[in-house]
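data.txt, holding compact mmCIF, C-alpha atoms:
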```txt
# COMPACT_ATOMS: atom_id res chain seq x y z
CA MET A 1 15.94 13.01 -33.09
CA THR A 2 19.30 11.75 -31.88
CA ILE A 3 19.50 11.16 -28.14
CA THR A 4 22.84 12.21 -26.68
CA SER A 5 24.23 12.54 -23.17
CA THR A 6 24.33 16.31 -23.63
CA LYS A 7 20.62 16.45 -24.44
CA LEU A 8 19.76 14.20 -21.50
CA ILE A 9 21.78 16.30 -19.06
CA ARG A 10 20.23 19.51 -20.41
CA ALA A 11 16.79 17.93 -19.95
CA ALA A 12 17.76 17.09 -16.36
CA GLY A 13 18.61 20.75 -15.86
CA ILE A 14 15.14 21.75 -17.05
CA THR A 15 13.49 19.25 -14.70
CA ALA A 16 15.50 20.71 -11.80
CA ILE A 17 14.21 24.18 -12.68
CA ILE A 18 10.61 22.92 -12.75
CA ALA A 19 11.14 21.03 -9.48
CA GLY A 20 12.36 24.21 -7.81
CA ALA A 21 9.31 26.13 -9.01
CA LEU A 22 6.98 23.36 -7.81
CA PHE A 23 8.79 23.33 -4.47
CA LEU A 24 7.47 26.84 -3.88
CA LEU A 25 3.85 26.27 -4.93
CA PRO A 26 2.62 24.04 -2.06
CA GLN A 27 3.88 26.59 0.46
CA PHE A 28 1.14 28.96 -0.71
CA ILE A 29 -1.73 26.47 -1.13
CA HIS A 30 -1.08 23.83 1.54
CA PRO A 31 -4.02 23.53 3.99
CA GLU A 32 -3.54 23.01 7.72
CA ASP A 33 -2.44 19.51 8.75
CA GLU A 34 -5.86 18.54 10.11
CA VAL A 35 -8.09 15.54 9.46
CA ALA A 36 -10.89 17.85 8.30
CA GLN A 37 -8.67 19.15 5.48
CA VAL A 38 -7.62 15.74 4.15
CA THR A 39 -10.68 15.30 1.94
CA THR A 40 -10.50 18.76 0.36
CA THR A 41 -9.39 19.48 -3.19
CA GLY A 42 -6.67 21.82 -1.96
CA TRP A 43 -5.13 18.99 0.07
CA ALA A 44 -5.00 16.63 -2.93
CA VAL A 45 -3.56 19.28 -5.24
CA ALA A 46 -0.87 20.40 -2.78
CA HIS A 47 0.39 16.87 -2.16
CA LEU A 48 0.24 15.76 -5.79
CA VAL A 49 2.32 18.82 -6.66
CA ASN A 50 4.74 17.90 -3.88
CA SER A 51 5.04 14.32 -5.12
CA THR A 52 5.63 15.48 -8.70
CA MET A 53 8.22 17.96 -7.46
CA ALA A 54 10.15 15.24 -5.64
CA ILE A 55 10.24 12.98 -8.72
CA LEU A 56 11.43 15.81 -10.97
CA ALA A 57 14.00 16.85 -8.38
CA LEU A 58 15.34 13.29 -8.30
CA ILE A 59 15.76 13.36 -12.09
CA GLY A 60 17.46 16.74 -11.92
CA LEU A 61 19.82 15.60 -9.18
CA THR A 62 20.75 12.55 -11.25
CA GLY A 63 21.73 14.79 -14.16
CA LEU A 64 23.73 17.07 -11.87
CA TYR A 65 25.59 14.14 -10.38
CA LEU A 66 26.33 12.34 -13.65
CA ARG A 67 27.70 15.54 -15.18
CA GLN A 68 30.16 15.88 -12.28
CA VAL A 69 30.68 12.30 -11.20
CA ARG A 70 34.48 12.55 -11.46
CA GLU A 71 34.78 16.04 -10.00
CA THR A 72 32.58 15.37 -6.96
CA GLY A 73 34.16 12.00 -6.11
CA VAL A 74 33.04 9.96 -3.11
CA LEU A 75 31.55 12.99 -1.37
CA GLY A 76 29.29 13.60 -4.35
CA LEU A 77 28.17 9.97 -4.40
CA ILE A 78 27.30 10.02 -0.71
CA GLY A 79 25.43 13.28 -1.03
CA PHE A 80 23.56 12.15 -4.13
CA VAL A 81 22.44 8.85 -2.58
CA LEU A 82 21.30 10.51 0.65
CA PHE A 83 19.59 13.48 -1.02
CA GLY A 84 17.98 11.26 -3.64
CA THR A 85 16.65 8.95 -0.92
CA GLY A 86 15.15 11.94 0.85
CA PHE A 87 13.29 13.08 -2.26
CA LEU A 88 12.16 9.53 -3.01
CA MET A 89 10.64 9.29 0.47
CA ILE A 90 8.97 12.68 -0.02
CA ALA A 91 7.43 11.46 -3.27
CA ILE A 92 6.05 8.30 -1.64
CA VAL A 93 4.65 9.99 1.47
CA SER A 94 3.15 12.88 -0.50
CA PHE A 95 1.46 10.47 -2.89
CA ALA A 96 0.00 8.55 0.05
CA GLU A 97 -1.28 11.80 1.55
CA ALA A 98 -2.93 12.79 -1.72
CA VAL A 99 -4.43 9.44 -2.74
CA ILE A 100 -4.76 7.14 0.28
CA LEU A 101 -5.58 9.37 3.25
CA PRO A 102 -8.70 10.96 1.68
CA GLN A 103 -10.13 7.46 1.09
CA ILE A 104 -9.83 6.40 4.74
CA ALA A 105 -10.32 9.73 6.52
CA ASP A 106 -14.01 9.16 7.30
CA ALA A 107 -13.65 5.49 8.31
CA THR A 108 -10.46 5.78 10.38
CA PRO A 109 -9.97 9.40 11.45
CA GLY A 110 -7.78 8.30 14.36
CA TYR A 111 -5.23 6.67 12.08
CA VAL A 112 -5.22 9.66 9.74
CA SER A 113 -4.66 11.96 12.71
CA ASP A 114 -1.72 9.83 13.86
CA PHE A 115 -0.38 9.76 10.29
CA LEU A 116 -0.34 13.54 10.22
CA ALA A 117 1.14 13.68 13.71
CA THR A 118 4.22 11.75 12.55
CA LEU A 119 4.85 14.43 9.93
CA VAL A 120 4.79 17.36 12.36
CA ASP A 121 6.32 15.63 15.40
CA ASP A 122 3.10 15.63 17.42
CA PRO A 123 2.29 12.82 19.89
CA VAL A 124 1.07 9.61 18.21
CA ARG A 125 -1.67 7.82 20.13
CA GLY A 126 -2.26 4.76 17.96
CA ASP A 127 -0.27 2.23 15.94
CA VAL A 128 1.16 3.59 12.67
CA GLY A 129 3.62 0.78 12.08
CA GLY A 130 6.98 1.87 10.71
CA LEU A 131 5.74 5.28 9.59
CA THR A 132 7.53 7.20 12.34
CA PRO A 133 11.03 5.79 11.67
CA ALA A 134 10.40 6.09 7.91
CA ASN A 135 9.71 9.81 8.30
CA GLN A 136 12.79 10.15 10.47
CA VAL A 137 14.90 8.47 7.79
CA ALA A 138 13.41 10.79 5.17
CA GLY A 139 14.24 13.84 7.27
CA VAL A 140 17.81 12.79 8.03
CA THR A 141 18.64 11.79 4.45
CA TYR A 142 17.14 15.00 3.07
CA LEU A 143 18.95 17.32 5.49
CA LEU A 144 22.30 15.54 5.48
CA GLY A 145 22.14 14.71 1.77
CA GLY A 146 21.40 18.29 0.74
CA LEU A 147 24.24 19.59 2.90
CA VAL A 148 26.81 17.10 1.58
CA PHE A 149 25.67 17.25 -2.05
CA GLY A 150 25.76 21.04 -2.04
CA ILE A 151 29.31 21.01 -0.67
CA ALA A 152 30.37 18.50 -3.32
CA LEU A 153 28.89 20.61 -6.11
CA TYR A 154 30.54 23.73 -4.69
CA ARG A 155 33.94 22.05 -4.68
CA ALA A 156 33.50 20.65 -8.20
CA ARG A 157 33.29 24.18 -9.72
CA ILE A 158 31.13 23.06 -12.66
CA VAL A 159 27.72 24.60 -11.98
CA ALA A 160 26.94 27.91 -10.25
CA ARG A 161 28.72 27.86 -6.90
CA TRP A 162 26.26 30.28 -5.30
CA ALA A 163 23.43 27.83 -6.02
CA ALA A 164 25.43 24.92 -4.59
CA LEU A 165 26.14 26.90 -1.44
CA LEU A 166 22.51 27.95 -1.16
CA LEU A 167 21.48 24.29 -1.48
CA SER A 168 23.59 23.34 1.53
CA ILE A 169 22.26 26.24 3.57
CA GLY A 170 18.65 25.82 2.43
CA THR A 171 18.34 22.13 3.27
CA VAL A 172 19.46 22.63 6.87
CA ALA A 173 17.52 25.89 7.30
CA PRO A 174 14.44 24.06 8.72
CA LEU A 175 16.59 23.06 11.71
CA LEU A 176 17.12 26.73 12.51
CA VAL A 177 13.40 27.51 12.57
CA ALA A 178 12.16 24.27 14.12
CA LEU A 179 10.80 26.13 17.13
CA LEU A 180 8.94 28.71 15.04
CA PRO A 181 5.37 28.45 13.67
CA ASP A 182 4.64 26.07 10.80
CA SER A 183 4.33 28.99 8.37
CA ALA A 184 7.92 29.99 9.10
CA LEU A 185 9.06 26.40 8.63
CA ARG A 186 7.50 26.30 5.17
CA ALA A 187 9.14 29.61 4.28
CA ALA A 188 12.48 28.00 5.11
CA THR A 189 12.09 25.83 1.99
CA PHE A 190 12.46 28.89 -0.28
CA PRO A 191 16.30 28.79 -0.37
CA THR A 192 16.26 25.14 -1.48
CA ALA A 193 13.72 25.92 -4.19
CA VAL A 194 15.83 28.80 -5.51
CA ALA A 195 18.94 26.62 -5.33
CA LEU A 196 17.31 23.88 -7.42
CA MET A 197 16.28 26.41 -10.06
CA GLY A 198 19.74 27.96 -10.05
CA LEU A 199 21.52 24.62 -10.34
CA GLY A 200 19.14 23.47 -13.07
CA TYR A 201 19.64 26.61 -15.14
CA SER A 202 23.40 26.49 -14.63
CA LEU A 203 23.50 22.86 -15.78
CA TRP A 204 21.33 23.61 -18.82
CA ARG A 205 23.43 26.65 -19.74
CA GLU A 206 26.73 24.86 -19.20
CA GLN A 207 25.73 22.05 -21.54
CA ALA A 208 24.48 24.55 -24.12
CA ASP A 209 27.85 26.34 -24.08
CA GLU A 210 29.72 23.06 -24.53
CA ALA A 211 27.50 21.68 -27.30
CA PRO A 212 29.68 21.14 -30.40
CA MET A 213 28.91 23.12 -33.54
CA PRO A 214 27.81 21.01 -36.53
CA VAL A 215 30.65 20.39 -38.95
CA PRO A 216 29.69 20.43 -42.66
CA SER A 217 30.53 17.27 -44.53
CA VAL A 218 32.84 17.18 -47.54
CA ARG A 219 29.87 16.37 -49.79
CA THR A 220 27.99 19.45 -48.53
CA GLN A 221 31.02 21.67 -49.19
CA GLN A 222 31.34 20.33 -52.72
CA LEU A 223 27.71 21.18 -53.50
CA ASP A 224 27.92 24.65 -51.99
CA PRO A 225 28.36 27.22 -54.84
CA ALA A 226 30.17 29.56 -52.43
CA SER A 227 32.97 27.04 -52.01
CA VAL A 228 33.61 26.80 -55.78
```

How would this structure read if it were set down as C-alpha cells?
Amino acid sequence: MTITSTKLIRAAGITAIIAGALFLLPQFIHPEDEVAQVTTTGWAVAHLVNSTMAILALIGLTGLYLRQVRETGVLGLIGFVLFGTGFLMIAIVSFAEAVILPQIADATPGYVSDFLATLVDDPVRGDVGGLTPANQVAGVTYLLGGLVFGIALYRARIVARWAALLLSIGTVAPLLVALLPDSALRAATFPTAVALMGLGYSLWREQADEAPMPVPSVRTQQLDPASV
C-alpha cells in the first residue's frame, strides 16, 4: 500500500469522526465525581474512553490543520496549538484518573478528593502541587483554542462551515451553563462532539472528491484488445 498525504488526511478525518462519537459516550456512563466511585469499573471505562477520545481528536485536528495550513494562516496556527494543547491535557488528566487514582484511593482518600475538587472547582483542602494551575491551563487552551480554530476553519471555506461554526460555539458553551447542574454542563459538550464528527466527515469527503483517478499506462493500453 502506498502512503500518500491524501490517505493520511482522510485517515485523520476518520479519527475526528471517532473522537466526536467517543466525546458523547462518557456523558452517559460517567459516575459522580466522588472518591467512592474512583475504584469502580464504570469510572475506569469512562476516563479511558475520554483519554482515547482526546488522542484521536488531536490526530484529527492535525489533519484538519495541515489540509488548510495556508488558508487558515496565523489564526489557524494559534487555534490549532491552543486547542491541541487542551486535548493533550485532557488525555493526560483522564489517563491519571483512570489508572492512578484507583490505586491510591484507599490509602490517600484526602488527596483523591482534592484531585477531584480541582476538576469541578470545589475548595481544595490539601496540597495538590501544580494540579490546579494545570487544570486552569487546560480549560483556557481548550475554550480559547476551540473558538479560534473554529473561526479559522470557517474563514478558510474548505470543510463544512456549519461544523466549524458549531465548533466555536460548542467549545465555549460550558461557560454559558457554568452555574447549572453538572448534568447540564456535560450536555453542553454535545455541540463540540457533533462538530468534530461533521468536520471529520467533511475532511474525509473532501479528500475523496479530490483523489485523482488512476491513469492507464501506455503499456496497458497497448495490451487492451478494445484499444486495437

Which residues come within 8 Å of Ala105 (chain A), counting all atoms listed in the file, excluding same-chain residues fewer than 5 positions away, as a list in words?
->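 Everything that qualifies: Val35, Val38, Thr39 and Val112 of chain A.
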
If we count all atoms listed in the file, what is near Ala208 (chain A) at a cut-off of 9 Å, once residues fewer than 5 positions away on the same chain are taken out, given as JSON, numbers by chain?
-> {"A": [6, 7, 10, 203]}

For region 45-49 of chain A, please output as a PyMOL selection string all residues within 10 Å (counting only C-alpha atoms; exclusion window: fewer than 3 positions along the same chain).
-> chain A and resi 19+22-31+40-42+52-54+90-91+93-99

Exercise: Leu88 (chain A) partners within 12 Å, all atoms listed in the file, chain neighbours under 6 positions left out, as a list in words | Asn50, Ser51, Thr52, Met53, Ala54, Ile55, Leu56, Ala57, Leu58, Ile59, Leu61, Phe80, Val81, Leu82, Ser94, Phe95, Ala134, Asn135, Val137, Ala138, Gly139, Thr141 and Tyr142 of chain A

For the point (17.9, 30.1, 3.1) in file coordinates, what residues are within 10 Å, counting only C-alpha atoms? Give the answer as a ChimeraX atom specification?
-> /A:165-174,187-195

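For the choices A:Gly13, A:Pro102, A:Gly130, A:Gly145, the atom-to-atom distance to Gly63 (chain A) is smallest for A:Gly13 when using all atoms listed in the file.
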
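Residue nearest Leu75 (chain A), chosen from A:Gly146, A:Gly198, A:Pro133, A:Gly20 and counting only C-alpha atoms: A:Gly146.
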
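The space separating CA of Ile78 (chain A) from CA of Leu175 (chain A) comes to 21.0 Å.
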
Tell me which of A:Glu34, A:Ala44, A:Gly60, A:Glu206 sits closest to Ile17 (chain A), counting only C-alpha atoms.
->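 Checking each candidate against Ile17 (chain A), we get A:Gly60 as the closest.
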
Rounded to one decimal place, report the CA of Thr85 (chain A)-CA of Leu143 (chain A) distance in Å.
->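 Value for the CA of Thr85 (chain A)-CA of Leu143 (chain A) distance: 10.8 Å.
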
Atom pair CA of Val124 (chain A) / CA of Asp33 (chain A): separation (Å) |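 Atom-to-atom, CA of Val124 (chain A) and CA of Asp33 (chain A) are spaced 14.1 Å apart.
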
Name all residues at most 9 Å from Gly110 (chain A) (count all atoms listed in the file; drop same-chain ones fewer than 3 positions away) and give them as a list in words.
->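 Close residues of Gly110 (chain A): Val35, Ala105, Ala107, Ser113, Asp114, Phe115, Arg125 and Gly126 of chain A.
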
Because the input lacks atoms here, generate N, CA and C atoms for region 74-104 of chain A and report them as a PDB file, in the frame of the given file.
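The new file result-v6.pdb reads:
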```pdb
ATOM      1  N   VAL A  74      33.803  10.730  -4.088  1.00  0.00           N
ATOM      2  CA  VAL A  74      33.040   9.960  -3.110  1.00  0.00           C
ATOM      3  C   VAL A  74      32.043  10.842  -2.369  1.00  0.00           C
ATOM      4  N   LEU A  75      32.445  12.066  -2.076  1.00  0.00           N
ATOM      5  CA  LEU A  75      31.550  12.990  -1.370  1.00  0.00           C
ATOM      6  C   LEU A  75      30.291  13.246  -2.183  1.00  0.00           C
ATOM      7  N   GLY A  76      30.449  13.402  -3.484  1.00  0.00           N
ATOM      8  CA  GLY A  76      29.290  13.600  -4.350  1.00  0.00           C
ATOM      9  C   GLY A  76      28.380  12.394  -4.368  1.00  0.00           C
ATOM     10  N   LEU A  77      28.969  11.200  -4.399  1.00  0.00           N
ATOM     11  CA  LEU A  77      28.170   9.970  -4.400  1.00  0.00           C
ATOM     12  C   LEU A  77      27.361   9.844  -3.116  1.00  0.00           C
ATOM     13  N   ILE A  78      28.006  10.102  -1.987  1.00  0.00           N
ATOM     14  CA  ILE A  78      27.300  10.020  -0.710  1.00  0.00           C
ATOM     15  C   ILE A  78      26.162  11.030  -0.649  1.00  0.00           C
ATOM     16  N   GLY A  79      26.458  12.252  -1.042  1.00  0.00           N
ATOM     17  CA  GLY A  79      25.430  13.280  -1.030  1.00  0.00           C
ATOM     18  C   GLY A  79      24.286  12.976  -1.963  1.00  0.00           C
ATOM     19  N   PHE A  80      24.603  12.479  -3.152  1.00  0.00           N
ATOM     20  CA  PHE A  80      23.560  12.150  -4.130  1.00  0.00           C
ATOM     21  C   PHE A  80      22.651  11.037  -3.626  1.00  0.00           C
ATOM     22  N   VAL A  81      23.241   9.984  -3.074  1.00  0.00           N
ATOM     23  CA  VAL A  81      22.440   8.850  -2.580  1.00  0.00           C
ATOM     24  C   VAL A  81      21.539   9.295  -1.429  1.00  0.00           C
ATOM     25  N   LEU A  82      22.092  10.056  -0.495  1.00  0.00           N
ATOM     26  CA  LEU A  82      21.300  10.510   0.650  1.00  0.00           C
ATOM     27  C   LEU A  82      20.201  11.475   0.213  1.00  0.00           C
ATOM     28  N   PHE A  83      20.562  12.470  -0.571  1.00  0.00           N
ATOM     29  CA  PHE A  83      19.590  13.480  -1.020  1.00  0.00           C
ATOM     30  C   PHE A  83      18.524  12.848  -1.899  1.00  0.00           C
ATOM     31  N   GLY A  84      18.952  11.949  -2.784  1.00  0.00           N
ATOM     32  CA  GLY A  84      17.980  11.260  -3.640  1.00  0.00           C
ATOM     33  C   GLY A  84      17.019  10.403  -2.839  1.00  0.00           C
ATOM     34  N   THR A  85      17.522   9.755  -1.787  1.00  0.00           N
ATOM     35  CA  THR A  85      16.650   8.950  -0.920  1.00  0.00           C
ATOM     36  C   THR A  85      15.632   9.841  -0.224  1.00  0.00           C
ATOM     37  N   GLY A  86      16.070  11.013   0.208  1.00  0.00           N
ATOM     38  CA  GLY A  86      15.150  11.940   0.850  1.00  0.00           C
ATOM     39  C   GLY A  86      14.013  12.349  -0.076  1.00  0.00           C
ATOM     40  N   PHE A  87      14.335  12.683  -1.311  1.00  0.00           N
ATOM     41  CA  PHE A  87      13.290  13.080  -2.260  1.00  0.00           C
ATOM     42  C   PHE A  87      12.406  11.898  -2.642  1.00  0.00           C
ATOM     43  N   LEU A  88      12.973  10.703  -2.711  1.00  0.00           N
ATOM     44  CA  LEU A  88      12.160   9.530  -3.010  1.00  0.00           C
ATOM     45  C   LEU A  88      11.138   9.297  -1.897  1.00  0.00           C
ATOM     46  N   MET A  89      11.556   9.448  -0.652  1.00  0.00           N
ATOM     47  CA  MET A  89      10.640   9.290   0.470  1.00  0.00           C
ATOM     48  C   MET A  89       9.562  10.370   0.448  1.00  0.00           C
ATOM     49  N   ILE A  90       9.944  11.592   0.088  1.00  0.00           N
ATOM     50  CA  ILE A  90       8.970  12.680  -0.020  1.00  0.00           C
ATOM     51  C   ILE A  90       7.918  12.347  -1.075  1.00  0.00           C
ATOM     52  N   ALA A  91       8.360  11.815  -2.200  1.00  0.00           N
ATOM     53  CA  ALA A  91       7.430  11.460  -3.270  1.00  0.00           C
ATOM     54  C   ALA A  91       6.434  10.403  -2.808  1.00  0.00           C
ATOM     55  N   ILE A  92       6.917   9.393  -2.095  1.00  0.00           N
ATOM     56  CA  ILE A  92       6.050   8.300  -1.640  1.00  0.00           C
ATOM     57  C   ILE A  92       5.045   8.793  -0.605  1.00  0.00           C
ATOM     58  N   VAL A  93       5.535   9.515   0.398  1.00  0.00           N
ATOM     59  CA  VAL A  93       4.650   9.990   1.470  1.00  0.00           C
ATOM     60  C   VAL A  93       3.628  10.982   0.928  1.00  0.00           C
ATOM     61  N   SER A  94       4.067  11.891   0.068  1.00  0.00           N
ATOM     62  CA  SER A  94       3.150  12.880  -0.500  1.00  0.00           C
ATOM     63  C   SER A  94       2.072  12.227  -1.339  1.00  0.00           C
ATOM     64  N   PHE A  95       2.445  11.193  -2.087  1.00  0.00           N
ATOM     65  CA  PHE A  95       1.460  10.470  -2.890  1.00  0.00           C
ATOM     66  C   PHE A  95       0.439   9.783  -1.992  1.00  0.00           C
ATOM     67  N   ALA A  96       0.916   9.195  -0.894  1.00  0.00           N
ATOM     68  CA  ALA A  96       0.000   8.550   0.050  1.00  0.00           C
ATOM     69  C   ALA A  96      -0.947   9.572   0.674  1.00  0.00           C
ATOM     70  N   GLU A  97      -0.440  10.754   0.979  1.00  0.00           N
ATOM     71  CA  GLU A  97      -1.280  11.800   1.550  1.00  0.00           C
ATOM     72  C   GLU A  97      -2.348  12.269   0.566  1.00  0.00           C
ATOM     73  N   ALA A  98      -2.000  12.291  -0.701  1.00  0.00           N
ATOM     74  CA  ALA A  98      -2.930  12.790  -1.720  1.00  0.00           C
ATOM     75  C   ALA A  98      -3.965  11.756  -2.133  1.00  0.00           C
ATOM     76  N   VAL A  99      -3.571  10.484  -2.167  1.00  0.00           N
ATOM     77  CA  VAL A  99      -4.430   9.440  -2.740  1.00  0.00           C
ATOM     78  C   VAL A  99      -5.059   8.530  -1.691  1.00  0.00           C
ATOM     79  N   ILE A 100      -4.284   8.138  -0.677  1.00  0.00           N
ATOM     80  CA  ILE A 100      -4.760   7.140   0.280  1.00  0.00           C
ATOM     81  C   ILE A 100      -5.516   7.771   1.447  1.00  0.00           C
ATOM     82  N   LEU A 101      -4.952   8.784   2.063  1.00  0.00           N
ATOM     83  CA  LEU A 101      -5.580   9.370   3.250  1.00  0.00           C
ATOM     84  C   LEU A 101      -7.011   9.854   3.004  1.00  0.00           C
ATOM     85  N   PRO A 102      -7.310  10.522   1.885  1.00  0.00           N
ATOM     86  CA  PRO A 102      -8.700  10.960   1.680  1.00  0.00           C
ATOM     87  C   PRO A 102      -9.693   9.802   1.623  1.00  0.00           C
ATOM     88  N   GLN A 103      -9.239   8.608   1.211  1.00  0.00           N
ATOM     89  CA  GLN A 103     -10.130   7.460   1.090  1.00  0.00           C
ATOM     90  C   GLN A 103     -10.467   6.824   2.439  1.00  0.00           C
ATOM     91  N   ILE A 104      -9.615   7.048   3.444  1.00  0.00           N
ATOM     92  CA  ILE A 104      -9.830   6.400   4.740  1.00  0.00           C
ATOM     93  C   ILE A 104     -10.109   7.412   5.851  1.00  0.00           C
TER      94      ILE A 104
END
```
